[in-house]
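K.L.:
For reference, the file structure.cif (mmCIF, C-alpha atoms) is included below:
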```cif
data_start
#
loop_
_atom_site.label_atom_id
_atom_site.label_comp_id
_atom_site.auth_asym_id
_atom_site.auth_seq_id
_atom_site.Cartn_x
_atom_site.Cartn_y
_atom_site.Cartn_z
CA MET D 1 15.62 -13.78 -6.72
CA ILE D 2 13.68 -10.53 -6.54
CA GLU D 3 14.51 -7.77 -4.08
CA LEU D 4 11.64 -5.52 -3.00
CA LEU D 5 11.89 -2.24 -1.15
CA VAL D 6 8.77 -1.82 0.95
CA GLY D 7 8.39 1.50 2.71
CA THR D 8 6.04 1.43 5.68
CA LYS D 9 4.84 3.60 8.52
CA LYS D 10 7.35 1.73 10.68
CA GLY D 11 10.50 1.48 8.67
CA LEU D 12 11.88 0.09 5.45
CA PHE D 13 11.55 -3.62 4.80
CA VAL D 14 13.89 -5.19 2.26
CA LEU D 15 12.18 -8.35 1.07
CA ARG D 16 13.84 -11.05 -0.98
CA GLY D 17 12.41 -14.16 -2.56
CA GLU D 18 11.37 -16.12 -5.57
CA PRO D 19 8.06 -15.10 -7.15
CA GLY D 20 5.24 -17.46 -6.27
CA ALA D 21 6.11 -17.93 -2.60
CA PRO D 22 6.42 -15.63 0.42
CA PHE D 23 9.52 -13.46 0.51
CA GLU D 24 11.88 -13.23 3.47
CA VAL D 25 12.58 -10.03 5.38
CA ALA D 26 16.25 -9.49 4.56
CA THR D 27 16.43 -6.42 6.80
CA ARG D 28 14.36 -3.71 8.43
CA ALA D 29 15.90 -0.26 8.39
CA PHE D 30 14.80 2.97 10.09
CA PRO D 31 12.62 1.25 12.70
CA GLY D 32 9.93 3.52 14.08
CA ASP D 33 10.26 6.08 11.31
CA ILE D 34 7.99 6.47 8.31
CA VAL D 35 9.65 5.45 5.09
CA GLU D 36 7.58 7.37 2.59
CA PHE D 37 9.41 6.04 -0.46
CA ALA D 38 12.38 3.87 -1.30
CA THR D 39 13.96 3.07 -4.61
CA ARG D 40 17.18 2.00 -6.25
CA ASP D 41 18.88 3.90 -9.05
CA PRO D 42 19.48 1.19 -11.64
CA ARG D 43 22.38 3.16 -13.16
CA THR D 44 24.51 3.17 -10.02
CA GLY D 45 22.86 0.56 -7.83
CA ARG D 46 22.46 3.17 -5.09
CA TYR D 47 19.48 2.87 -2.76
CA PHE D 48 17.45 5.86 -1.58
CA ALA D 49 14.96 6.07 1.26
CA SER D 50 12.76 9.02 2.14
CA VAL D 51 12.54 8.85 5.91
CA THR D 52 10.30 10.95 8.13
CA SER D 53 10.65 10.86 11.89
CA GLY D 54 7.55 11.90 13.77
CA PHE D 55 9.93 13.84 15.99
CA PHE D 56 13.05 14.76 14.07
CA GLY D 57 11.59 15.57 10.66
CA PRO D 58 12.15 14.37 7.11
CA ARG D 59 15.40 13.42 5.43
CA LEU D 60 16.76 11.57 2.44
CA MET D 61 19.06 8.65 3.15
CA TYR D 62 21.17 6.72 0.68
CA SER D 63 23.26 3.60 0.73
CA ASP D 64 25.06 1.33 -1.64
CA ASP D 65 24.13 -1.63 0.57
CA PRO D 66 20.72 -1.65 2.27
CA MET D 67 22.00 -4.26 4.72
CA GLY D 68 24.67 -1.82 5.91
CA GLU D 69 24.99 1.83 6.82
CA TRP D 70 22.91 4.66 5.33
CA GLU D 71 24.21 8.18 4.77
CA GLN D 72 22.11 11.31 5.10
CA ALA D 73 21.99 13.40 1.93
CA LYS D 74 22.56 17.16 2.07
CA GLY D 75 19.01 18.10 1.24
CA PRO D 76 16.49 18.40 -0.10
CA THR D 77 15.97 21.45 2.11
CA PHE D 78 14.55 24.85 1.32
CA PRO D 79 17.14 27.61 0.99
CA GLU D 80 17.55 30.50 3.41
CA ASP D 81 15.87 33.00 1.10
CA ILE D 82 12.60 31.04 1.38
CA PRO D 83 12.43 31.44 5.15
CA ASP D 84 8.83 30.51 5.84
CA VAL D 85 8.93 27.12 4.17
CA SER D 86 10.46 23.94 5.52
CA LEU D 87 10.52 20.45 4.09
CA ASP D 88 7.57 18.35 5.16
CA ARG D 89 7.93 15.12 3.20
CA ILE D 90 9.90 13.62 0.32
CA TRP D 91 7.43 11.85 -1.95
CA ILE D 92 9.61 10.45 -4.69
CA VAL D 93 13.18 10.12 -5.93
CA GLN D 94 13.48 9.62 -9.67
CA PRO D 95 16.64 8.98 -11.71
CA GLY D 96 17.08 11.46 -14.56
CA GLU D 97 18.44 11.05 -18.07
CA THR D 98 21.89 12.53 -17.47
CA ALA D 99 24.58 10.68 -15.55
CA GLY D 100 24.47 11.57 -11.86
CA VAL D 101 21.18 13.46 -12.15
CA LEU D 102 18.23 12.59 -9.93
CA TYR D 103 15.05 14.44 -9.14
CA ALA D 104 13.16 14.57 -5.86
CA GLY D 105 9.54 15.59 -5.48
CA VAL D 106 8.56 16.92 -2.08
CA ALA D 107 5.89 18.57 0.00
CA PRO D 108 5.28 21.45 -0.01
CA ALA D 109 5.21 20.96 -3.76
CA ALA D 110 8.69 21.49 -5.12
CA LEU D 111 11.19 19.80 -7.38
CA PHE D 112 14.77 19.31 -6.27
CA VAL D 113 17.66 18.25 -8.48
CA SER D 114 20.87 16.42 -7.67
CA THR D 115 23.78 16.26 -10.09
CA ASP D 116 26.03 14.11 -7.89
CA SER D 117 24.08 10.87 -7.67
CA GLY D 118 21.87 12.06 -4.84
CA GLU D 119 24.37 13.35 -2.29
CA THR D 120 23.43 17.05 -2.54
CA TRP D 121 20.22 18.69 -3.75
CA GLU D 122 19.14 22.05 -5.10
CA LEU D 123 15.69 23.56 -5.47
CA ASN D 124 14.33 24.06 -9.00
CA ARG D 125 13.48 27.73 -8.61
CA ALA D 126 11.62 28.08 -11.89
CA LEU D 127 8.86 25.76 -10.75
CA TRP D 128 8.93 27.22 -7.26
CA ASN D 129 8.41 30.70 -8.69
CA VAL D 130 5.57 30.03 -11.14
CA PRO D 131 3.09 32.92 -10.74
CA THR D 132 0.10 30.75 -9.87
CA ARG D 133 1.75 29.09 -6.89
CA PRO D 134 -0.03 31.30 -4.31
CA GLU D 135 -3.31 29.87 -5.64
CA TRP D 136 -2.26 26.24 -5.17
CA ASN D 137 -4.02 24.23 -2.50
CA PRO D 138 -3.07 20.93 -0.91
CA GLY D 139 -4.89 17.64 -1.23
CA ALA D 140 -5.53 15.42 1.75
CA GLY D 141 -1.90 14.27 1.69
CA GLY D 142 -0.53 17.80 1.57
CA LEU D 143 0.66 19.92 -1.34
CA ALA D 144 2.75 17.24 -2.92
CA LEU D 145 4.91 16.86 -6.00
CA HIS D 146 4.78 13.08 -6.23
CA SER D 147 5.17 12.10 -9.89
CA ILE D 148 8.23 12.83 -12.01
CA CYS D 149 8.37 11.63 -15.60
CA PRO D 150 11.64 12.12 -17.46
CA TRP D 151 11.71 11.67 -21.23
CA PRO D 152 13.93 8.72 -22.19
CA GLY D 153 17.02 10.02 -23.92
CA ASP D 154 16.12 13.71 -23.62
CA PRO D 155 17.09 15.38 -20.33
CA GLN D 156 15.44 18.63 -21.42
CA ARG D 157 11.91 17.26 -21.30
CA LEU D 158 10.18 16.62 -18.01
CA ALA D 159 6.63 16.25 -16.71
CA VAL D 160 5.66 16.42 -13.05
CA GLY D 161 2.38 15.78 -11.26
CA ILE D 162 1.24 17.73 -8.23
CA SER D 163 -1.59 17.18 -5.80
CA ALA D 164 -3.49 19.42 -6.15
CA ALA D 165 -1.91 21.66 -8.78
CA GLY D 166 -2.05 19.55 -11.92
CA VAL D 167 0.57 18.68 -14.50
CA TRP D 168 3.59 20.84 -15.20
CA LEU D 169 5.77 20.42 -18.27
CA SER D 170 9.25 21.61 -19.17
CA GLU D 171 11.17 21.30 -22.42
CA ASP D 172 14.29 23.16 -21.36
CA GLY D 173 15.57 21.10 -18.49
CA GLY D 174 13.37 22.77 -15.90
CA GLN D 175 14.22 26.40 -16.72
CA THR D 176 10.63 27.18 -17.67
CA TRP D 177 7.34 25.41 -16.96
CA ARG D 178 3.85 25.41 -18.40
CA THR D 179 0.69 23.61 -17.42
CA GLY D 180 -0.85 20.49 -18.91
CA TYR D 181 -4.40 20.96 -17.66
CA THR D 182 -6.60 20.52 -20.74
CA GLY D 183 -9.12 17.73 -20.49
CA LEU D 184 -8.78 17.08 -16.78
CA VAL D 185 -12.18 17.35 -15.09
CA PRO D 186 -12.12 18.16 -11.36
CA GLN D 187 -15.54 16.86 -10.39
CA TYR D 188 -14.99 18.10 -6.85
CA VAL D 189 -15.06 21.73 -8.10
CA PRO D 190 -18.27 23.57 -9.12
CA GLU D 191 -18.83 23.26 -12.87
CA ASP D 192 -18.49 26.96 -13.56
CA GLN D 193 -15.02 27.00 -12.00
CA ARG D 194 -13.56 23.89 -13.61
CA GLU D 195 -12.06 25.72 -16.59
CA THR D 196 -10.07 28.14 -14.49
CA THR D 197 -9.14 26.22 -11.36
CA HIS D 198 -5.63 25.10 -10.51
CA ALA D 199 -7.03 22.56 -8.06
CA LEU D 200 -6.28 19.55 -10.25
CA CYS D 201 -5.62 16.61 -8.00
CA VAL D 202 -3.22 14.34 -9.82
CA HIS D 203 -2.78 11.12 -7.85
CA ASN D 204 -0.18 9.40 -10.01
CA MET D 205 1.38 9.80 -13.43
CA HIS D 206 3.65 7.63 -15.59
CA ARG D 207 5.21 8.00 -19.01
CA ALA D 208 5.28 5.15 -21.56
CA PRO D 209 8.99 4.94 -22.30
CA GLN D 210 8.52 3.27 -25.70
CA ARG D 211 6.25 6.11 -26.79
CA PRO D 212 7.31 9.01 -24.57
CA GLU D 213 4.72 11.47 -25.82
CA ARG D 214 2.19 9.24 -24.05
CA LEU D 215 1.43 9.50 -20.32
CA PHE D 216 -1.11 7.75 -18.13
CA MET D 217 -2.62 9.37 -15.06
CA GLN D 218 -4.66 8.31 -12.06
CA PHE D 219 -6.62 11.42 -11.15
CA HIS D 220 -8.89 12.23 -8.21
CA GLY D 221 -11.97 10.60 -9.69
CA SER D 222 -10.89 9.31 -13.09
CA VAL D 223 -8.09 7.83 -15.17
CA TYR D 224 -6.60 9.71 -18.13
CA ARG D 225 -4.22 9.27 -21.04
CA SER D 226 -2.32 11.93 -22.92
CA ASP D 227 -0.81 11.30 -26.35
CA ASP D 228 0.69 14.75 -26.77
CA THR D 229 3.33 14.95 -24.01
CA GLY D 230 0.82 15.91 -21.34
CA GLU D 231 -0.73 18.93 -23.06
CA THR D 232 -4.23 17.41 -23.27
CA TRP D 233 -5.87 14.48 -21.51
CA ASN D 234 -8.54 11.94 -22.46
CA ASP D 235 -10.71 10.11 -19.94
CA ILE D 236 -10.14 6.34 -20.11
CA ALA D 237 -11.93 5.25 -16.93
CA GLU D 238 -14.86 3.55 -18.67
CA GLY D 239 -14.88 -0.10 -17.73
CA LEU D 240 -13.37 0.43 -14.27
CA PRO D 241 -15.48 -0.09 -11.13
CA SER D 242 -14.40 3.36 -9.96
CA GLY D 243 -12.33 6.20 -11.30
CA PHE D 244 -10.87 6.78 -7.87
CA GLY D 245 -7.56 5.36 -6.73
CA PHE D 246 -3.97 6.27 -6.05
CA PRO D 247 -1.32 3.94 -7.45
CA MET D 248 -0.58 3.21 -11.07
CA ALA D 249 1.97 1.13 -12.93
CA ILE D 250 2.85 0.61 -16.56
CA ASP D 251 4.62 -2.11 -18.51
CA PRO D 252 7.62 -0.23 -19.87
CA SER D 253 7.82 -2.52 -22.90
CA ASP D 254 4.23 -1.84 -23.97
CA PRO D 255 3.14 1.77 -24.56
CA ASP D 256 -0.51 0.70 -24.61
CA SER D 257 -0.35 -0.73 -21.07
CA ALA D 258 -1.37 0.60 -17.69
CA TYR D 259 -2.42 -0.91 -14.37
CA VAL D 260 -4.60 0.69 -11.70
CA ILE D 261 -6.06 -0.49 -8.39
CA PRO D 262 -9.40 1.29 -8.01
CA LEU D 263 -10.81 2.28 -4.65
CA THR D 264 -14.53 2.79 -4.09
CA ALA D 265 -14.57 6.59 -3.96
CA ASP D 266 -12.95 9.57 -2.31
CA LEU D 267 -15.41 9.19 0.57
CA ASP D 268 -14.66 5.46 0.96
CA ARG D 269 -11.06 4.74 0.11
CA VAL D 270 -11.10 0.94 0.14
CA THR D 271 -11.19 -1.77 -2.50
CA PRO D 272 -14.75 -1.90 -3.95
CA GLY D 273 -17.02 -4.52 -2.42
CA GLY D 274 -14.24 -5.91 -0.29
CA ASN D 275 -12.75 -7.42 -3.45
CA VAL D 276 -9.10 -6.68 -4.22
CA ARG D 277 -8.54 -6.44 -7.96
CA VAL D 278 -5.92 -4.97 -10.25
CA PHE D 279 -7.15 -3.63 -13.58
CA GLU D 280 -5.02 -3.81 -16.71
CA THR D 281 -5.35 -2.19 -20.09
CA ARG D 282 -3.35 -3.31 -23.13
CA ASP D 283 -5.13 -1.03 -25.57
CA ALA D 284 -4.34 2.35 -24.05
CA GLY D 285 -7.50 2.45 -22.00
CA ALA D 286 -10.10 1.36 -24.55
CA GLY D 287 -10.84 -1.57 -22.27
CA TRP D 288 -9.85 -2.92 -18.89
CA THR D 289 -9.31 -6.47 -17.62
CA ALA D 290 -9.84 -7.29 -13.96
CA HIS D 291 -7.25 -9.48 -12.25
CA GLY D 292 -7.95 -11.01 -8.87
CA ASP D 293 -6.72 -14.59 -9.04
CA GLY D 294 -4.80 -15.04 -5.80
CA LEU D 295 -5.89 -11.74 -4.26
CA PRO D 296 -8.30 -11.44 -1.30
CA SER D 297 -11.87 -11.32 -2.58
CA ASN D 298 -14.05 -11.64 0.50
CA ASP D 299 -14.48 -8.73 2.91
CA ALA D 300 -11.03 -7.41 2.06
CA TYR D 301 -11.29 -3.65 2.42
CA LEU D 302 -7.76 -2.60 1.59
CA THR D 303 -6.29 0.80 0.89
CA ILE D 304 -3.35 0.99 -1.48
CA LEU D 305 -1.43 4.24 -1.28
CA ARG D 306 0.03 6.35 -4.05
CA GLN D 307 3.55 4.92 -4.25
CA ALA D 308 2.72 1.37 -3.17
CA PHE D 309 2.69 -0.26 -6.63
CA GLY D 310 5.86 -1.20 -8.49
CA HIS D 311 7.07 -3.41 -11.32
CA ASP D 312 10.27 -5.17 -12.28
CA GLY D 313 10.30 -4.12 -15.93
CA GLY D 314 10.68 -7.75 -16.96
CA SER D 315 8.96 -9.91 -19.52
CA PRO D 316 6.56 -11.17 -18.43
CA LEU D 317 6.11 -8.21 -16.17
CA GLY D 318 6.45 -8.68 -12.42
CA LEU D 319 4.06 -6.52 -10.38
CA TYR D 320 4.05 -5.85 -6.65
CA PHE D 321 1.80 -3.77 -4.41
CA GLY D 322 1.25 -3.26 -0.70
CA ALA D 323 -1.70 -2.09 1.39
CA THR D 324 -2.12 -0.16 4.58
CA SER D 325 -3.14 -3.49 6.09
CA GLY D 326 0.54 -4.43 5.96
CA ASP D 327 0.03 -7.03 3.24
CA VAL D 328 2.18 -7.18 0.11
CA PHE D 329 1.13 -9.02 -3.05
CA GLY D 330 3.00 -9.96 -6.20
CA SER D 331 2.47 -11.30 -9.67
CA ALA D 332 5.08 -12.88 -11.92
CA ASP D 333 2.83 -13.02 -14.98
CA ALA D 334 1.80 -9.44 -15.64
CA GLY D 335 -1.13 -9.61 -13.25
CA ALA D 336 -2.81 -12.81 -14.44
CA THR D 337 -2.20 -14.53 -11.09
CA TRP D 338 -1.09 -13.22 -7.71
CA PHE D 339 0.63 -14.52 -4.61
CA THR D 340 1.11 -13.17 -1.10
CA VAL D 341 4.60 -11.76 -0.75
CA ARG D 342 4.32 -10.91 2.93
CA GLU D 343 1.66 -10.34 5.56
CA HIS D 344 1.51 -8.33 8.75
CA LEU D 345 4.03 -5.65 7.96
CA ALA D 346 3.28 -2.10 9.06
CA PRO D 347 1.01 0.02 6.82
CA VAL D 348 2.69 0.07 3.42
CA THR D 349 3.52 3.47 1.91
CA SER D 350 5.64 2.45 -1.07
CA VAL D 351 6.73 -0.57 -3.07
CA ARG D 352 9.53 -0.64 -5.61
CA VAL D 353 11.49 -3.49 -7.17
CA ALA D 354 15.20 -3.03 -6.55
CA GLY D 355 16.00 -5.77 -9.03
CA PRO D 356 17.30 -9.27 -8.94
CA SER D 357 19.45 -9.61 -5.83
CA MET J 1 26.17 20.96 28.95
CA VAL J 2 23.83 19.22 26.51
CA MET J 3 22.25 15.86 27.32
CA LEU J 4 21.29 13.70 24.35
CA ARG J 5 19.37 10.45 24.10
CA ALA J 6 18.90 7.97 21.29
CA PRO J 7 18.79 8.46 18.37
CA LEU J 8 20.52 11.83 18.76
CA LYS J 9 23.23 10.34 20.95
CA GLU J 10 24.26 7.93 18.21
CA ARG J 11 24.47 10.78 15.73
CA ALA J 12 26.74 12.66 18.16
CA ASP J 13 29.37 9.92 17.95
CA GLY J 14 27.78 8.10 20.87
CA GLN J 15 28.19 10.98 23.29
CA GLY J 16 25.27 11.40 25.66
CA THR J 17 26.73 14.48 27.28
CA VAL J 18 28.35 17.22 25.24
CA ASP J 19 29.86 20.51 26.31
CA VAL J 20 28.93 23.07 23.68
CA PRO J 21 29.28 26.86 23.98
CA GLY J 22 26.56 29.36 23.17
CA ASP J 23 25.04 32.57 24.52
CA SER J 24 21.57 31.52 23.39
CA LEU J 25 19.89 28.18 22.89
CA GLY J 26 19.73 28.65 19.11
CA GLU J 27 23.42 29.44 18.99
CA LEU J 28 24.24 26.39 21.08
CA LEU J 29 22.15 24.07 18.89
CA ARG J 30 23.75 25.40 15.71
CA GLU J 31 27.18 24.83 17.24
CA LEU J 32 26.05 21.31 18.16
CA GLU J 33 25.21 20.70 14.48
CA ARG J 34 28.57 22.10 13.38
CA ARG J 35 30.39 19.81 15.77
CA PHE J 36 28.32 16.79 14.82
CA PRO J 37 27.23 17.17 11.18
CA ARG J 38 25.16 13.98 11.36
CA LEU J 39 22.79 15.88 13.66
CA GLU J 40 22.09 18.47 10.99
CA GLY J 41 18.35 18.84 10.46
CA TRP J 42 17.36 16.65 13.38
CA VAL J 43 16.75 19.21 16.13
CA LEU J 44 16.66 22.39 14.02
CA ASP J 45 14.95 22.62 10.65
CA GLU J 46 16.68 24.15 7.63
CA HIS J 47 15.92 27.65 8.93
CA GLY J 48 17.27 27.14 12.43
CA THR J 49 13.91 26.66 14.12
CA ILE J 50 13.54 23.98 16.78
CA ARG J 51 11.38 21.23 15.32
CA ARG J 52 7.77 21.20 16.46
CA HIS J 53 7.96 17.79 18.08
CA VAL J 54 11.31 18.24 19.80
CA ASN J 55 11.46 19.74 23.28
CA VAL J 56 14.59 21.45 24.46
CA PHE J 57 14.76 22.21 28.16
CA VAL J 58 17.15 24.72 29.71
CA ASP J 59 17.63 24.08 33.42
CA GLY J 60 14.25 22.38 33.51
CA GLU J 61 12.33 25.06 31.59
CA ARG J 62 11.16 24.73 27.99
CA GLY J 63 13.54 26.77 25.87
CA ARG J 64 13.26 28.59 22.54
CA GLU J 65 15.87 29.66 20.03
CA ASP J 66 16.35 33.02 21.75
CA THR J 67 16.50 31.68 25.30
CA PRO J 68 19.68 33.08 26.90
CA LEU J 69 22.08 30.61 28.46
CA LEU J 70 23.82 31.18 31.76
CA PRO J 71 27.18 29.60 32.52
CA GLY J 72 26.71 25.97 33.54
CA ALA J 73 23.25 25.66 31.98
CA ARG J 74 22.01 22.10 31.55
CA ILE J 75 20.26 21.43 28.24
CA HIS J 76 18.08 18.38 27.64
CA VAL J 77 16.97 17.57 24.08
CA LEU J 78 13.97 15.25 24.14
CA PRO J 79 11.33 13.99 21.72
CA SER J 80 7.96 15.53 22.50
CA ILE J 81 4.98 13.42 23.50
CA SER J 82 3.12 15.25 20.71
CA GLY J 83 5.44 13.72 18.10
CA GLY J 84 4.96 10.63 16.04
CA SER J 85 1.33 11.37 15.19
CA ARG J 86 1.89 10.82 11.45
CA SER J 87 3.24 7.36 12.14
#
```
Write the structure described by the file as structure tokens, please.

P.N.:
Amino acid sequence: MIELLVGTKKGLFVLRGEPGAPFEVATRAFPGDIVEFATRDPRTGRYFASVTSGFFGPRLMYSDDPMGEWEQAKGPTFPEDIPDVSLDRIWIVQPGETAGVLYAGVAPAALFVSTDSGETWELNRALWNVPTRPEWNPGAGGLALHSICPWPGDPQRLAVGISAAGVWLSEDGGQTWRTGYTGLVPQYVPEDQRETTHALCVHNMHRAPQRPERLFMQFHGSVYRSDDTGETWNDIAEGLPSGFGFPMAIDPSDPDSAYVIPLTADLDRVTPGGNVRVFETRDAGAGWTAHGDGLPSNDAYLTILRQAFGHDGGSPLGLYFGATSGDVFGSADAGATWFTVREHLAPVTSVRVAGPS
Amino acid sequence: MVMLRAPLKERADGQGTVDVPGDSLGELLRELERRFPRLEGWVLDEHGTIRRHVNVFVDGERGREDTPLLPGARIHVLPSISGGSRS
């Protein structure tokens, strides 16, 4: 049985079921609040939920049993010596490579670190203090640090993606940071400013764990691959119906694999032609295969948000995504065929596989 | 005297009415957080500012952090009708 954590605009839904048939709602937590992101740390089994109340603000909650009580973490919050900045949203929680270490990416764009399994959090000041920060501008979703890519087995190496401030890389555990901008083409910026701008709107970024120098990225208007730890990027969008989209997934066992769900364009953020399809590459972006068997294909204008695409890491790979329509879809065969996991939930903000339950 | 409704009441150990001292509204709300740590961050942000979509009334008037409190003041903490727009 698979357990899915589905964050929505109206709470967290824990879904459980066997792939191929609709899942049951095991519980709904945080009713009325936005659950921006939810995940489970596979090392400890602990669940995390980024919860934003439209009234009482954002907070990180954790629990060892999603059917039971949730505790509020101490942080992430901005320290007293940064008085004009308050936490707006927690975009992602990512387990690190050292026992007890987790990272959180938030808006306004900042990285927080926990060394006690997510109970307390501290701001990474080196990234906060990079000299170009005053020149950073937000994307439509705010100035968001939403992608965190640890390096398997090496806690010193880290890559993060920021909308809209590009890729930032560290090789000393976050003490210093440098950019990974080369090759990214911001088509929304005048040509004569593209070389110097910081306005690089990363939408999603994932590292291939079997070949950690390789990263895949969904950008604002194209899809890229880096084979040199994020220093330089190559456009791999040819063969896709659109370079625009938000979510991305990879098969952790195959460093040549990536999945994207293209949307028509930045001015029309729905599935192209009313046809919901997931695109897969197994040759590092040289070619793409469209998968739609079992997905809506007639007048289905869905929007799939940044964190709303997850996988189970299995073989064959299980894939799950949700749309702002409140529909959740799954595949138990690496995308070849799809089934409806659940309909009529609230608009889906995130999907992650918690594991077999 | 501070009046709390759900979900703040639940986070204050189920108490809908709490007697908390303070010479100003900000001071009172910080003391409320100290007394009920599960309220931390809910009414005040990390810098002690009343959240944008929370209204705090002092004897029927909208209060701010520096609003002085007279003995016997009645404080209502309520979600604002402007809140919830992101949901």

K.L.:
Using only C-alpha atoms, I'd like every residue of chain J that has an atom within 12 Å of chain D; please write them out as a ChimeraX atom specification.

P.N.:
/J:6-8,11,37-55,77-87

K.L.:
Any chance you could resolve the PyMOL selection byres ((chain D and resi 26) around 9) against this file and give the residues as a ChimeraX atom specification?

P.N.:
/D:3,13-16,23-25,27-28,67

K.L.:
Keeping only C-alpha atoms, write the selected residues as an mmCIF file, in the coordinates of the input.

P.N.:
```cif
data_model
loop_
_atom_site.group_PDB
_atom_site.id
_atom_site.type_symbol
_atom_site.label_atom_id
_atom_site.label_comp_id
_atom_site.auth_asym_id
_atom_site.auth_seq_id
_atom_site.Cartn_x
_atom_site.Cartn_y
_atom_site.Cartn_z
ATOM 1 C CA GLU D 3 14.510 -7.770 -4.080
ATOM 2 C CA PHE D 13 11.550 -3.620 4.800
ATOM 3 C CA VAL D 14 13.890 -5.190 2.260
ATOM 4 C CA LEU D 15 12.180 -8.350 1.070
ATOM 5 C CA ARG D 16 13.840 -11.050 -0.980
ATOM 6 C CA PHE D 23 9.520 -13.460 0.510
ATOM 7 C CA GLU D 24 11.880 -13.230 3.470
ATOM 8 C CA VAL D 25 12.580 -10.030 5.380
ATOM 9 C CA THR D 27 16.430 -6.420 6.800
ATOM 10 C CA ARG D 28 14.360 -3.710 8.430
ATOM 11 C CA MET D 67 22.000 -4.260 4.720
#
```

K.L.:
Could you state which residues are captured by the PyMOL selection byres ((chain D and resi 236) around 7) in this file, as a ChimeraX atom specification?

P.N.:
/D:223-225,234-235,237-238,285-286

K.L.:
Report as a list in words the full result of the PyMOL selection byres ((chain D and resi 293) around 9) when it is applied to this structure.

P.N.:
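This file, filtered by the PyMOL selection byres ((chain D and resi 293) around 9), leaves Arg277, His291, Gly292, Gly294, Leu295, Pro296, Ser297, Gly335, Ala336, Thr337, Trp338 and Phe339 of chain D.
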
K.L.:
For the selection just defined, write its residues with C-alpha atoms to a file, as a CSV table (one decimal), in the coordinates of the input.

P.N.:
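Written out: selection07.csv:
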```
chain,number,residue,atom,x,y,z
D,277,ARG,CA,-8.5,-6.4,-8.0
D,291,HIS,CA,-7.2,-9.5,-12.2
D,292,GLY,CA,-8.0,-11.0,-8.9
D,294,GLY,CA,-4.8,-15.0,-5.8
D,295,LEU,CA,-5.9,-11.7,-4.3
D,296,PRO,CA,-8.3,-11.4,-1.3
D,297,SER,CA,-11.9,-11.3,-2.6
D,335,GLY,CA,-1.1,-9.6,-13.2
D,336,ALA,CA,-2.8,-12.8,-14.4
D,337,THR,CA,-2.2,-14.5,-11.1
D,338,TRP,CA,-1.1,-13.2,-7.7
D,339,PHE,CA,0.6,-14.5,-4.6
```

K.L.:
Pick out the residues sitting within 10 Å of Met3 of chain J, and hand them over as a compact mmCIF listing (two decimals) with C-alpha atoms, in the frame of the given file; count all atoms listed in the file, and ignore anything fewer than 2 positions along from it in its own chain.

P.N.:
```
# COMPACT_ATOMS: atom_id res chain seq x y z
CA MET J 1 26.17 20.96 28.95
CA ARG J 5 19.37 10.45 24.10
CA LEU J 8 20.52 11.83 18.76
CA LYS J 9 23.23 10.34 20.95
CA GLN J 15 28.19 10.98 23.29
CA GLY J 16 25.27 11.40 25.66
CA THR J 17 26.73 14.48 27.28
CA VAL J 18 28.35 17.22 25.24
CA ASP J 19 29.86 20.51 26.31
CA VAL J 56 14.59 21.45 24.46
CA PHE J 57 14.76 22.21 28.16
CA ARG J 74 22.01 22.10 31.55
CA ILE J 75 20.26 21.43 28.24
CA HIS J 76 18.08 18.38 27.64
CA VAL J 77 16.97 17.57 24.08
CA LEU J 78 13.97 15.25 24.14
```

K.L.:
Adding 6 Å on each side of the box along x, y and z that holds all listed atoms of segment 54-59 of chain J, could you give its centre and edge lengths in Å to one decimal, as AutoDock Vina command-line options?

P.N.:
```
--center_x 14.5 --center_y 21.5 --center_z 26.6 --size_x 18.3 --size_y 18.5 --size_z 25.6
```

K.L.:
Would you list the contacts of Leu111 of chain D as a VMD selection string, taking every protein, DNA or RNA residue within 7 Å and counting only C-alpha atoms, but skipping same-chain residues closer than 5 positions in sequence?

P.N.:
chain D and resid 103 to 106 123 to 124

K.L.:
Could you please determine the separation between atom CA of Thr264 of chain D and atom CA of Glu280 of chain D in Å, to one decimal place?

P.N.:
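Taking atom CA of Thr264 of chain D as the start and atom CA of Glu280 of chain D as the end point, the length is 17.1 Å.
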
K.L.:
Counting all atoms listed in the file, which of J:Pro68, J:Asp59, J:Ala73, J:Asp13 gets nearest to Glu27 of chain J?

P.N.:
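Smallest separation from Glu27 of chain J among the options: J:Pro68.
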
K.L.:
For Val2 of chain J, which of J:Asp66, J:Glu33, J:Val20, J:Glu61 is the closest residue, counting all atoms listed in the file?

P.N.:
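Result for the nearest residue to Val2 of chain J: J:Val20.
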
K.L.:
Using all atoms listed in the file, determine which residues lie at most 9 Å from Leu5 of chain D, disregarding the query and same-chain residues fewer than 4 positions distant; provide the list as a list in words.

P.N.:
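Answer for this query is Leu12, Phe13, Val14, Leu15, Phe37, Ala38, Thr39, Arg40, Ser350, Val351, Arg352, Val353 and Ala354 of chain D.
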
K.L.:
Store the residues of this selection in a file with C-alpha atoms, as a CSV table (one decimal), in the frame of the given file.

P.N.:
```csv
chain,number,residue,atom,x,y,z
D,12,LEU,CA,11.9,0.1,5.4
D,13,PHE,CA,11.6,-3.6,4.8
D,14,VAL,CA,13.9,-5.2,2.3
D,15,LEU,CA,12.2,-8.4,1.1
D,37,PHE,CA,9.4,6.0,-0.5
D,38,ALA,CA,12.4,3.9,-1.3
D,39,THR,CA,14.0,3.1,-4.6
D,40,ARG,CA,17.2,2.0,-6.2
D,350,SER,CA,5.6,2.4,-1.1
D,351,VAL,CA,6.7,-0.6,-3.1
D,352,ARG,CA,9.5,-0.6,-5.6
D,353,VAL,CA,11.5,-3.5,-7.2
D,354,ALA,CA,15.2,-3.0,-6.6
```
